[in-house]
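J.: Sharing structure.cif below, mmCIF, C-alpha atoms and all ligand atoms:
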```cif
data_query
loop_
_atom_site.label_atom_id
_atom_site.label_comp_id
_atom_site.auth_asym_id
_atom_site.auth_seq_id
_atom_site.Cartn_x
_atom_site.Cartn_y
_atom_site.Cartn_z
CA MET L 7 155.90 -32.03 -78.02
CA ASP L 8 152.81 -29.91 -78.76
CA PHE L 9 154.39 -27.74 -81.42
CA ILE L 10 157.62 -27.55 -83.41
CA ILE L 11 158.70 -24.50 -85.40
CA ARG L 12 161.20 -25.69 -88.00
CA LYS L 13 164.14 -23.78 -89.47
CA GLY L 14 163.77 -20.39 -87.83
CA ARG L 15 166.64 -17.92 -87.67
CA LEU L 16 167.29 -16.93 -84.05
CA PRO L 17 169.67 -14.18 -82.92
CA GLY L 18 172.89 -15.77 -81.72
CA TYR L 19 172.63 -18.91 -83.86
CA ALA L 20 174.57 -19.26 -87.12
CA GLU L 21 172.15 -21.74 -88.70
CA PRO L 22 168.37 -22.12 -88.80
CA MET L 23 167.10 -23.87 -85.67
CA ASP L 24 164.05 -25.89 -84.66
CA ILE L 25 162.06 -24.87 -81.58
CA GLY L 26 160.08 -27.43 -79.60
CA ILE L 27 157.18 -26.24 -77.43
CA SER L 28 155.02 -28.08 -74.94
CA ASP L 29 152.69 -26.85 -72.19
CA GLY L 30 153.41 -23.31 -73.34
CA ILE L 31 157.14 -23.58 -72.57
CA LEU L 32 160.19 -23.59 -74.87
CA ARG L 33 161.48 -27.16 -74.41
CA GLU L 34 164.13 -27.50 -77.10
CA ILE L 35 166.13 -25.25 -79.40
CA LYS L 36 168.34 -27.27 -81.72
CA LYS L 37 169.14 -27.97 -85.33
CA GLY L 38 166.82 -30.66 -86.61
CA ILE L 39 164.60 -31.93 -83.77
CA ALA L 40 164.08 -35.60 -84.71
CA LYS L 41 160.71 -36.18 -83.05
CA ARG L 42 157.44 -34.99 -84.55
CA ALA L 43 154.87 -32.76 -82.87
CA THR L 44 151.09 -32.63 -82.97
CA ASP L 45 151.39 -29.42 -84.94
CA GLU L 46 154.34 -28.01 -86.87
CA LEU L 47 155.24 -24.87 -88.79
CA ASN L 48 158.11 -24.38 -91.23
CA ALA L 49 159.60 -20.93 -90.61
CA ASP L 50 161.67 -21.42 -93.78
CA GLY L 51 164.64 -19.34 -92.63
CA LYS L 52 162.59 -16.43 -91.33
CA LEU L 53 163.63 -14.44 -88.25
CA ILE L 54 162.24 -15.39 -84.85
CA LEU L 55 162.41 -12.87 -82.01
CA PRO L 56 160.98 -12.96 -78.49
CA GLY L 57 157.66 -11.11 -78.23
CA PHE L 58 158.14 -7.35 -78.33
CA VAL L 59 157.91 -5.08 -75.29
CA ASP L 60 156.47 -1.54 -75.15
CA SER L 61 157.70 0.02 -71.92
CA HIS L 62 155.50 3.11 -71.87
CA VAL L 63 152.01 3.85 -73.18
CA HIS L 64 148.82 5.54 -71.94
CA MET L 65 146.23 2.88 -72.72
CA ASP L 66 143.48 4.59 -70.71
CA LYS L 67 143.55 7.61 -73.04
CA ALA L 68 144.40 5.78 -76.26
CA MET L 69 142.00 5.45 -79.20
CA SER L 70 140.00 8.46 -77.98
CA VAL L 71 140.34 10.51 -81.17
CA THR L 72 140.26 9.73 -84.85
CA PRO L 73 141.76 11.76 -87.70
CA GLN L 74 138.23 13.15 -88.10
CA SER L 75 137.91 14.34 -84.50
CA PHE L 76 141.50 15.48 -83.93
CA ARG L 77 142.04 19.20 -83.27
CA HIS L 78 145.34 20.90 -84.10
CA GLY L 79 146.65 23.23 -81.41
CA SER L 80 149.38 23.96 -78.90
CA ILE L 81 150.33 21.30 -76.35
CA LEU L 82 148.23 23.17 -73.79
CA GLU L 83 145.18 23.19 -76.09
CA ARG L 84 145.57 19.48 -76.78
CA VAL L 85 145.83 18.75 -73.05
CA GLN L 86 142.64 20.78 -72.52
CA HIS L 87 140.89 18.72 -75.19
CA LEU L 88 142.07 15.54 -73.49
CA ASN L 89 140.90 16.78 -70.08
CA THR L 90 137.47 17.49 -71.55
CA LEU L 91 137.29 13.98 -72.97
CA LYS L 92 138.47 12.52 -69.66
CA LYS L 93 135.30 13.73 -67.97
CA SER L 94 133.38 11.15 -69.98
CA PHE L 95 135.74 8.25 -69.14
CA ASN L 96 134.24 5.31 -67.28
CA LYS L 97 135.30 1.74 -66.64
CA GLU L 98 133.45 0.42 -69.68
CA ASN L 99 134.61 2.89 -72.32
CA VAL L 100 138.20 2.87 -71.04
CA CYS L 101 138.19 -0.93 -71.24
CA GLU L 102 136.66 -0.90 -74.73
CA ARG L 103 139.30 1.49 -76.14
CA ALA L 104 142.21 -0.14 -74.30
CA THR L 105 141.14 -3.58 -75.48
CA ALA L 106 141.16 -2.30 -79.06
CA LEU L 107 144.73 -1.07 -78.56
CA ALA L 108 145.79 -4.30 -76.81
CA LYS L 109 144.65 -6.21 -79.91
CA ILE L 110 146.60 -3.87 -82.20
CA PHE L 111 149.68 -4.31 -80.02
CA ALA L 112 149.42 -8.10 -79.98
CA ARG L 113 148.99 -8.24 -83.74
CA ARG L 114 152.21 -6.21 -84.04
CA GLY L 115 153.94 -8.75 -81.78
CA ILE L 116 153.91 -6.75 -78.53
CA LEU L 117 153.24 -9.33 -75.82
CA ASN L 118 154.29 -7.24 -72.81
CA VAL L 119 153.39 -3.63 -72.16
CA ARG L 120 153.53 -1.19 -69.25
CA THR L 121 150.82 1.45 -69.17
CA ASP L 122 150.65 4.48 -66.91
CA VAL L 123 147.00 5.11 -66.05
CA ASP L 124 145.80 8.54 -64.93
CA VAL L 125 144.66 8.82 -61.34
CA ASP L 126 143.42 12.34 -60.61
CA LEU L 127 140.46 14.25 -59.23
CA VAL L 128 138.60 14.22 -62.58
CA VAL L 129 138.83 10.57 -63.57
CA GLY L 130 139.45 9.16 -60.08
CA LEU L 131 139.98 5.42 -60.31
CA LYS L 132 137.79 4.83 -63.38
CA GLY L 133 140.82 4.51 -65.66
CA VAL L 134 142.44 1.97 -63.36
CA GLU L 135 139.19 0.01 -63.15
CA GLY L 136 138.94 -0.02 -66.94
CA ILE L 137 142.54 -1.13 -67.48
CA LEU L 138 142.30 -3.80 -64.76
CA GLU L 139 139.34 -5.22 -66.69
CA THR L 140 141.33 -4.93 -69.95
CA LYS L 141 144.25 -6.80 -68.38
CA LYS L 142 141.94 -9.64 -67.39
CA ARG L 143 140.14 -9.70 -70.73
CA CYS L 144 143.35 -9.70 -72.82
CA LYS L 145 145.57 -11.93 -70.69
CA ASP L 146 145.68 -14.71 -73.28
CA PHE L 147 147.48 -12.52 -75.79
CA ILE L 148 149.24 -9.72 -73.90
CA ASN L 149 150.63 -9.05 -70.41
CA ILE L 150 149.66 -5.58 -69.22
CA GLN L 151 151.47 -3.91 -66.32
CA ILE L 152 149.40 -1.12 -64.77
CA PHE L 153 151.12 1.83 -63.08
CA ALA L 154 148.87 4.29 -61.26
CA PHE L 155 149.91 7.69 -62.62
CA ALA L 156 149.71 11.04 -60.82
CA GLN L 157 149.30 12.88 -64.14
CA GLU L 158 147.90 16.06 -62.56
CA GLY L 159 150.15 16.04 -59.50
CA ILE L 160 150.10 14.88 -55.92
CA ILE L 161 151.40 17.93 -54.03
CA ASN L 162 148.79 20.29 -55.54
CA HIS L 163 146.14 17.59 -55.07
CA PRO L 164 146.97 15.73 -51.83
CA GLU L 165 143.87 13.53 -52.17
CA VAL L 166 145.60 11.83 -55.10
CA ALA L 167 148.01 10.07 -52.70
CA GLY L 168 145.13 8.07 -51.23
CA LEU L 169 143.78 7.29 -54.70
CA LEU L 170 147.17 5.98 -55.84
CA GLU L 171 147.35 3.73 -52.81
CA ARG L 172 143.81 2.51 -53.45
CA ALA L 173 144.80 1.73 -57.07
CA LEU L 174 147.67 -0.41 -55.79
CA GLU L 175 145.31 -2.21 -53.42
CA MET L 176 142.96 -2.85 -56.36
CA GLY L 177 145.76 -4.55 -58.31
CA ALA L 178 147.88 -1.89 -60.02
CA ASP L 179 151.45 -3.12 -60.40
CA GLY L 180 153.32 0.10 -59.66
CA VAL L 181 153.13 3.85 -59.24
CA ALA L 182 154.08 6.63 -61.65
CA GLY L 183 154.98 10.28 -61.23
CA HIS L 184 154.86 13.33 -63.50
CA THR L 185 157.75 15.46 -62.29
CA SER L 186 157.11 18.57 -64.38
CA ILE L 187 153.40 18.98 -63.67
CA GLU L 188 153.78 20.94 -60.46
CA ALA L 189 156.08 23.62 -59.08
CA GLN L 190 157.33 21.47 -56.23
CA GLY L 191 158.80 18.76 -58.44
CA LYS L 192 161.18 17.38 -55.82
CA LYS L 193 158.35 16.94 -53.32
CA HIS L 194 156.41 15.16 -56.06
CA VAL L 195 159.30 12.72 -56.60
CA ASN L 196 159.57 12.11 -52.84
CA ALA L 197 155.83 11.47 -52.49
CA ILE L 198 155.76 8.97 -55.34
CA ILE L 199 158.79 7.07 -54.05
CA ARG L 200 157.31 6.93 -50.54
CA ILE L 201 154.16 5.26 -51.92
CA ALA L 202 156.25 2.85 -54.01
CA GLU L 203 158.33 1.91 -50.96
CA LYS L 204 155.28 1.44 -48.76
CA HIS L 205 153.70 -0.94 -51.26
CA GLU L 206 157.00 -2.48 -52.42
CA VAL L 207 156.39 -1.76 -56.09
CA ASP L 208 158.48 -0.34 -58.94
CA VAL L 209 158.21 3.24 -60.06
CA ASP L 210 157.90 5.20 -63.33
CA PHE L 211 158.74 8.88 -63.66
CA HIS L 212 157.98 11.16 -66.57
CA VAL L 213 161.17 13.22 -66.32
CA ASP L 214 162.07 16.45 -68.11
CA GLU L 215 159.57 15.90 -70.90
CA ASN L 216 159.66 19.64 -71.69
CA ALA L 217 163.44 19.57 -72.20
CA ASP L 218 164.04 22.58 -69.95
CA PRO L 219 167.57 22.28 -68.47
CA ASP L 220 166.91 25.13 -66.01
CA ASN L 221 164.14 23.14 -64.38
CA SER L 222 165.58 19.66 -64.82
CA LEU L 223 164.73 17.10 -62.16
CA LEU L 224 166.80 14.35 -63.71
CA GLU L 225 169.71 14.62 -61.27
CA TYR L 226 167.28 14.70 -58.35
CA VAL L 227 165.54 11.54 -59.57
CA ILE L 228 168.95 9.87 -59.96
CA SER L 229 169.93 10.84 -56.40
CA MET L 230 166.62 9.58 -54.96
CA VAL L 231 166.88 6.28 -56.85
CA THR L 232 170.33 5.79 -55.33
CA SER L 233 169.47 6.85 -51.78
CA GLU L 234 166.19 4.91 -51.69
CA GLY L 235 167.59 1.72 -53.18
CA TYR L 236 165.48 1.85 -56.34
CA SER L 237 168.27 0.79 -58.69
CA GLY L 238 166.85 -1.31 -61.55
CA ARG L 239 163.30 -0.55 -60.39
CA THR L 240 162.87 2.93 -61.90
CA ASN L 241 161.79 3.76 -65.42
CA ALA L 242 162.64 7.36 -66.38
CA ILE L 243 160.45 8.30 -69.35
CA HIS L 244 161.56 10.92 -71.90
CA CYS L 245 164.57 12.57 -70.14
CA ALA L 246 164.36 15.04 -73.06
CA THR L 247 166.80 17.44 -71.41
CA LEU L 248 169.51 15.04 -72.57
CA GLY L 249 168.56 15.97 -76.11
CA VAL L 250 169.29 19.70 -75.66
CA VAL L 251 172.32 19.87 -73.33
CA THR L 252 175.89 19.59 -74.64
CA SER L 253 177.03 16.09 -75.49
CA ASP L 254 179.54 16.27 -72.60
CA ASP L 255 176.69 16.94 -70.18
CA ALA L 256 174.54 14.24 -71.80
CA ILE L 257 177.37 11.73 -71.31
CA ARG L 258 177.95 12.84 -67.70
CA LEU L 259 174.25 12.48 -66.85
CA SER L 260 173.94 9.19 -68.73
CA GLU L 261 176.87 7.73 -66.81
CA LYS L 262 175.23 8.81 -63.56
CA MET L 263 172.01 7.12 -64.64
CA ALA L 264 173.86 3.94 -65.53
CA GLU L 265 175.57 3.93 -62.15
CA ALA L 266 172.25 4.50 -60.37
CA GLY L 267 170.52 1.75 -62.37
CA VAL L 268 167.88 4.05 -63.87
CA ASN L 269 166.16 2.60 -66.93
CA VAL L 270 165.17 5.05 -69.67
CA THR L 271 162.24 4.90 -72.06
CA ILE L 272 162.41 6.98 -75.23
CA CYS L 273 159.11 7.69 -76.98
CA PRO L 274 159.84 8.58 -80.63
CA GLY L 275 156.21 9.65 -81.18
CA THR L 276 156.70 12.76 -79.03
CA LYS L 277 158.45 14.32 -82.04
CA VAL L 278 154.93 15.12 -83.20
CA LEU L 279 154.91 17.74 -80.41
CA ASP L 280 158.33 19.06 -81.47
CA LEU L 281 159.83 17.71 -78.25
CA PRO L 282 163.47 16.64 -78.38
CA LEU L 283 164.39 13.03 -77.75
CA ALA L 284 167.06 11.72 -75.39
CA PRO L 285 170.08 10.50 -77.41
CA ALA L 286 169.76 6.72 -77.53
CA GLN L 287 173.36 6.02 -78.45
CA ILE L 288 174.91 8.18 -75.73
CA LEU L 289 172.66 6.49 -73.18
CA THR L 290 173.37 3.00 -74.51
CA LYS L 291 177.14 3.52 -74.71
CA SER L 292 177.08 4.87 -71.17
CA GLY L 293 175.55 1.61 -70.00
CA VAL L 294 171.95 2.75 -69.53
CA ASN L 295 169.20 0.24 -70.28
CA VAL L 296 167.14 2.00 -72.98
CA SER L 297 163.76 0.83 -74.27
CA LEU L 298 161.05 2.34 -76.47
CA GLY L 299 157.45 3.27 -75.78
CA SER L 300 154.42 4.38 -77.79
CA ASP L 301 153.41 6.94 -75.13
CA ASN L 302 150.25 8.74 -76.32
CA ILE L 303 148.65 6.90 -79.17
CA ARG L 304 145.58 8.04 -81.09
CA ASP L 305 144.49 10.53 -78.45
CA PRO L 306 144.29 14.37 -78.47
CA ILE L 307 148.02 14.66 -77.63
CA ASN L 308 149.12 12.40 -80.50
CA PRO L 309 146.48 11.20 -82.96
CA LEU L 310 149.02 8.93 -84.68
CA GLY L 311 150.65 5.65 -83.71
CA SER L 312 150.65 2.25 -85.39
CA GLY L 313 151.42 0.21 -82.29
CA ASN L 314 154.32 -1.31 -84.22
CA PRO L 315 157.53 -1.31 -82.15
CA LEU L 316 159.65 -1.68 -85.28
CA VAL L 317 158.16 1.55 -86.62
CA LEU L 318 159.29 3.26 -83.39
CA GLY L 319 162.77 1.84 -84.01
CA ALA L 320 162.75 2.89 -87.66
CA MET L 321 161.68 6.44 -86.73
CA LEU L 322 164.45 6.73 -84.14
CA SER L 323 167.03 5.37 -86.59
CA HIS L 324 166.21 8.21 -89.00
CA TRP L 325 166.04 11.03 -86.47
CA GLN L 326 169.15 10.08 -84.51
CA LYS L 327 171.10 8.76 -87.51
CA LEU L 328 171.44 5.22 -86.15
CA LEU L 329 172.86 3.81 -89.34
CA ASN L 330 175.37 1.03 -88.79
CA GLU L 331 174.80 -2.58 -87.78
CA GLU L 332 175.57 -2.07 -84.10
CA GLU L 333 173.18 0.87 -83.86
CA LEU L 334 170.37 -0.91 -85.72
CA LEU L 335 170.80 -3.99 -83.53
CA SER L 336 170.57 -1.79 -80.44
CA LEU L 337 167.11 -0.70 -81.64
CA VAL L 338 165.97 -4.34 -81.75
CA SER L 339 167.29 -4.79 -78.20
CA MET L 340 165.30 -1.73 -77.10
CA VAL L 341 161.98 -3.31 -78.12
CA THR L 342 162.89 -6.77 -76.81
CA GLU L 343 165.26 -7.60 -73.94
CA ASN L 344 165.88 -4.02 -72.76
CA GLY L 345 162.13 -3.49 -72.47
CA ALA L 346 161.88 -6.76 -70.54
CA ARG L 347 164.53 -5.56 -68.11
CA THR L 348 162.62 -2.31 -67.56
CA LEU L 349 159.42 -4.27 -66.90
CA GLY L 350 161.27 -6.52 -64.45
CA ILE L 351 160.48 -9.68 -66.41
CA LYS L 352 164.00 -10.43 -67.68
CA ASP L 353 164.27 -13.76 -65.83
CA THR L 354 161.46 -15.38 -67.82
CA TYR L 355 161.90 -13.46 -71.07
CA GLY L 356 163.69 -14.50 -74.24
CA LEU L 357 164.28 -17.44 -76.52
CA THR L 358 165.80 -19.73 -73.90
CA VAL L 359 164.75 -23.27 -72.99
CA GLY L 360 162.49 -23.16 -69.94
CA ASN L 361 160.96 -19.76 -70.73
CA PRO L 362 157.35 -19.21 -71.83
CA ALA L 363 157.03 -19.69 -75.60
CA ASP L 364 156.30 -16.02 -76.38
CA LEU L 365 157.73 -15.28 -79.80
CA VAL L 366 157.24 -13.57 -83.12
CA ILE L 367 158.11 -14.90 -86.59
CA LEU L 368 158.94 -12.06 -88.96
CA ASP L 369 159.08 -12.05 -92.74
CA CYS L 370 162.79 -11.18 -92.87
CA GLY L 371 166.09 -12.93 -92.28
CA THR L 372 168.04 -10.92 -89.72
CA PRO L 373 167.47 -8.53 -86.78
CA VAL L 374 168.95 -5.68 -88.83
CA ASP L 375 166.37 -6.38 -91.55
CA ALA L 376 163.66 -6.11 -88.89
CA VAL L 377 164.44 -2.38 -88.55
CA LEU L 378 165.25 -1.76 -92.22
CA ASP L 379 162.23 -3.61 -93.64
CA VAL L 380 159.63 -3.24 -90.85
CA PRO L 381 158.48 -6.65 -92.09
CA GLN L 382 155.11 -8.33 -91.91
CA ILE L 383 154.50 -10.72 -89.03
CA VAL L 384 154.13 -14.33 -90.12
CA GLU L 385 152.93 -15.73 -86.78
CA ILE L 386 152.85 -14.85 -83.08
CA PHE L 387 152.98 -17.35 -80.22
CA LYS L 388 151.89 -16.48 -76.68
CA ASN L 389 152.44 -19.20 -74.09
CA GLY L 390 152.98 -21.62 -76.96
CA LYS L 391 149.70 -20.84 -78.71
CA LYS L 392 149.32 -19.18 -82.10
CA ILE L 393 147.40 -15.99 -81.50
CA SER L 394 147.33 -14.03 -84.75
CA GLU L 395 144.11 -15.63 -85.98
CA SER L 396 142.36 -15.61 -82.62
CA ILE L 397 142.60 -11.84 -82.12
CA THR L 398 139.45 -10.52 -83.75
CA PHE L 399 138.51 -6.88 -84.11
ZN ZN L 401 153.75 9.31 -71.07
#
```
What is this file in structure tokens?
Ligand SMILES: [Zn+2]

T.:
Amino acid sequence: MDFIIRKGRLPGYAEPMDIGISDGILREIKKGIAKRATDELNADGKLILPGFVDSHVHMDKAMSVTPQSFRHGSILERVQHLNTLKKSFNKENVCERATALAKIFARRGILNVRTDVDVDLVVGLKGVEGILETKKRCKDFINIQIFAFAQEGIINHPEVAGLLERALEMGADGVAGHTSIEAQGKKHVNAIIRIAEKHEVDVDFHVDENADPDNSLLEYVISMVTSEGYSGRTNAIHCATLGVVTSDDAIRLSEKMAEAGVNVTICPGTKVLDLPLAPAQILTKSGVNVSLGSDNIRDPINPLGSGNPLVLGAMLSHWQKLLNEEELLSLVSMVTENGARTLGIKDTYGLTVGNPADLVILDCGTPVDAVLDVPQIVEIFKNGKKISESITF
């Protein structure tokens, strides 16, 4: 055995357990492993969770403003500021900023992340090039999924279709749509799904981020996911309309999403733009797989963001009054196994013998405490290796 973590509290186990790791794999989980390892750590009753998952972030744009350079303004004005900055993006500076964020994420225990990367007529494929380089550079401490994102549309800018396909050929993992960016939203959805089908990749959709029920595309996305066989392979981001319709309608739509196998990512940080959030409990109780994402982080749209998934959970618990044990535990699931399901990595994710030893030791005793305390991280293991000290800024 290369490493043994002694006396950690794992969800689902009544007593503290030992975890044996060799060749980067979880080999044993039992009370009191008799053998000794080359290296050992006493978790001393602290909580151990699988590495966190962030299911939606824009790493290509992240870290592009500071509190000093941020400009207040309407959403439109902030988008204009971002578009001005985007003109200066190149492979090197995208990679430099995204690498800085990847390190922040890993130090907060996020070991898997999906990022939508802008592909448009201003930035072209420079963002994708930069994030592909980031993925390579950071692979020892974080897995980055890259989804080529038609942020500025594909119907208004038909050349973008070819760029998205080129991004997939270069190594992007999936394709992402922005349903509210152009008037012909349904055609946008169709075009994105056609590219996903052609390249046999999963799909992300920013859906109803403006929370406008009169122009909702949620039901159309649900119908396309069903008819095109994209159940379990679609991540619907925001779905903010669910936060403004009646609770009966929210339940009806949530049940449809559950039936269609549409995953939903809620991004608590969008509250900074006064955008409503989809109701996590209605979705969860309806059977929808809900996860959390940082979305924009330290860019002109949102200059805030700690990269800490437990902070996202704590924010959502306050805003949506998730107060009892079941609700608080659901928040932990959102930043762990639910996120893994959305990223399509469920089969190799979690604290199960045979899985990669990707885990986080937290300075608290229970999963509920993880949301209440937002505790410090004691240690992080990626593929069986301690990474907290090796990530330098
Ligand atoms: Zn987004």

J.: Quick one, how far is atom CA of L:Lys92 from atom CA of L:Asp124?

T.: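 Going from atom CA of L:Lys92 over to atom CA of L:Asp124, I get 9.6 Å.
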
J.: Go through L:Phe153, L:Tyr226, L:Phe58, L:Phe147 and flag the residue nearest ligand ZN 401 (chain L), using only C-alpha atoms and all ligand atoms for the distances.

T.: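 Distance minimum relative to ligand ZN 401 (chain L) lands on L:Phe153.
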
J.: Within 9 Å of ligand ZN 401 (chain L), counting all atoms listed in the file, which protein or nucleic acid residues do you find, written as an NGL selection string?

T.: :L and (62-64 or 121-122 or 157 or 184 or 211-212 or 215 or 243-244 or 273 or 299-302)

J.: From the options L:Ile11, L:Cys370, L:Leu117, L:Ile198, which residue's atoms come nearest to L:Ala346, counting all atoms listed in the file?

T.: L:Leu117

J.: To one decimal place, how far is atom CA of L:Tyr355 from atom CA of L:Leu53 in Å?

T.: 17.3 Å

J.: Grab the atom CA of L:Ala178 to atom CA of L:Ile397 distance for me, in Å with one decimal place.

T.: 24.8 Å

J.: Excluding stretch 101-111 of chain L and any residue of its chain fewer than 6 positions from it, enumerate the residues within 9 Å of it, using all atoms listed in the file, and give them as an mmCIF file with C-alpha atoms, in the coordinates of the input.

T.:
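Saved the output as part_37.cif:
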```
data_model
loop_
_atom_site.group_PDB
_atom_site.id
_atom_site.type_symbol
_atom_site.label_atom_id
_atom_site.label_comp_id
_atom_site.auth_asym_id
_atom_site.auth_seq_id
_atom_site.Cartn_x
_atom_site.Cartn_y
_atom_site.Cartn_z
ATOM 1 C CA ASP L 60 156.470 -1.540 -75.150
ATOM 2 C CA MET L 65 146.230 2.880 -72.720
ATOM 3 C CA ASP L 66 143.480 4.590 -70.710
ATOM 4 C CA LYS L 67 143.550 7.610 -73.040
ATOM 5 C CA ALA L 68 144.400 5.780 -76.260
ATOM 6 C CA MET L 69 142.000 5.450 -79.200
ATOM 7 C CA SER L 70 140.000 8.460 -77.980
ATOM 8 C CA LEU L 117 153.240 -9.330 -75.820
ATOM 9 C CA VAL L 119 153.390 -3.630 -72.160
ATOM 10 C CA GLY L 133 140.820 4.510 -65.660
ATOM 11 C CA GLU L 135 139.190 0.010 -63.150
ATOM 12 C CA GLY L 136 138.940 -0.020 -66.940
ATOM 13 C CA ILE L 137 142.540 -1.130 -67.480
ATOM 14 C CA LEU L 138 142.300 -3.800 -64.760
ATOM 15 C CA GLU L 139 139.340 -5.220 -66.690
ATOM 16 C CA THR L 140 141.330 -4.930 -69.950
ATOM 17 C CA LYS L 141 144.250 -6.800 -68.380
ATOM 18 C CA ARG L 143 140.140 -9.700 -70.730
ATOM 19 C CA CYS L 144 143.350 -9.700 -72.820
ATOM 20 C CA PHE L 147 147.480 -12.520 -75.790
ATOM 21 C CA ILE L 148 149.240 -9.720 -73.900
ATOM 22 C CA ILE L 150 149.660 -5.580 -69.220
ATOM 23 C CA ILE L 303 148.650 6.900 -79.170
ATOM 24 C CA SER L 312 150.650 2.250 -85.390
ATOM 25 C CA GLY L 313 151.420 0.210 -82.290
ATOM 26 C CA ASN L 314 154.320 -1.310 -84.220
ATOM 27 C CA PRO L 315 157.530 -1.310 -82.150
ATOM 28 C CA ILE L 397 142.600 -11.840 -82.120
ATOM 29 C CA THR L 398 139.450 -10.520 -83.750
ATOM 30 C CA PHE L 399 138.510 -6.880 -84.110
#
```

J.: Which residue, L:Val209, L:Met176, L:Ala264, L:Val366, has the smallest gap to L:Ser394 when you use all atoms listed in the file?

T.: L:Val366

J.: So, counting all atoms listed in the file, which residue among L:Val296, L:Val317, L:Leu174, L:Ala112 is closest to L:Glu395?

T.: L:Ala112

J.: Within 12 Å of (177.9, 12.2, -67.5), in the coordinates the file gives, what residues turn up when you count only C-alpha atoms, written out as an NGL selection string?

T.: :L and (224-225 or 228 or 248 or 251-266 or 288-289 or 291-294)

J.: Which of these residues is nearest to L:Ser61, using all atoms listed in the file: L:Thr247, L:Ser28, L:Asn330, L:Thr240?

T.: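 So, comparing all the options, the nearest one is L:Thr240.
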
J.: Need to verify the contact set: stretch 277-281 of chain L, 7 Å, all atoms listed in the file, exclusion of same-chain residues closer than 2 positions in sequence. Can you return it as a VMD selection string?

T.: chain L and resid 216 274 to 275 283 308

J.: Could you give me, as a list of chain:residue names, the residues within 10 Å of L:Ser186, counting only C-alpha atoms and dropping anything in the same chain fewer than 2 positions from it?

T.: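 Listed by chain and then number, they are L:Gln157, L:Glu158, L:Gly159, L:Gly183, L:His184, L:Glu188, L:Ala189, L:Gln190, L:Gly191, L:Lys192, L:His194, L:Val195, L:Phe211, L:His212, L:Val213, L:Asp214, L:Glu215, L:Asn216, L:Asp218, L:Asn221, L:Ser222, L:Leu223.
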
J.: What are the centre and the three edge lengths of an axis-aligned box that wraps all atoms of stretch 199-217 of chain L in the file, given that 6 Å is added to every side, written as AutoDock Vina command-line options and rounded to one decimal in Å?

T.:
```
--center_x 158.6 --center_y 8.6 --center_z -60.5 --size_x 21.7 --size_y 34.1 --size_z 35.4
```

J.: Just give me the residues with any atom within 8 Å of (163.4, -4.3, -65.1), file coordinates, counting all atoms listed in the file, written as a list of chain:residue names.

T.: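 The answer, in the requested form, is L:Gly238, L:Arg239, L:Thr240, L:Asn269, L:Gly345, L:Ala346, L:Arg347, L:Thr348, L:Leu349, L:Gly350, L:Ile351, L:Lys352.
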
J.: Between L:Asp353, L:Glu343, L:Glu331, L:Glu46, which one has atoms that come closest to L:Asp375, using only C-alpha atoms?

T.: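 For L:Asp375, the nearest of the given residues is L:Glu331.
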
J.: Excluding L:Gly18 and its own-chain neighbours fewer than 6 positions away, which residues fall within 12 Å of it when counting all atoms listed in the file? Please give them as a list in words.

T.: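 Selected residues are Ile35, Leu53, Ile54, Leu55, Gly356, Leu357, Thr358, Thr372 and Pro373 of chain L.
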
J.: Near L:His78, counting all atoms listed in the file, which residues have an atom at most 10 Å away, once you skip same-chain residues fewer than 4 positions from it, shown as a tab-separated table (two decimals) with C-alpha atoms, in the coordinates of the input?

T.:
```tsv
chain	number	residue	atom	x	y	z
L	83	GLU	CA	145.18	23.19	-76.09
L	84	ARG	CA	145.57	19.48	-76.78
L	306	PRO	CA	144.29	14.37	-78.47
L	307	ILE	CA	148.02	14.66	-77.63
L	308	ASN	CA	149.12	12.40	-80.50
L	309	PRO	CA	146.48	11.20	-82.96
```
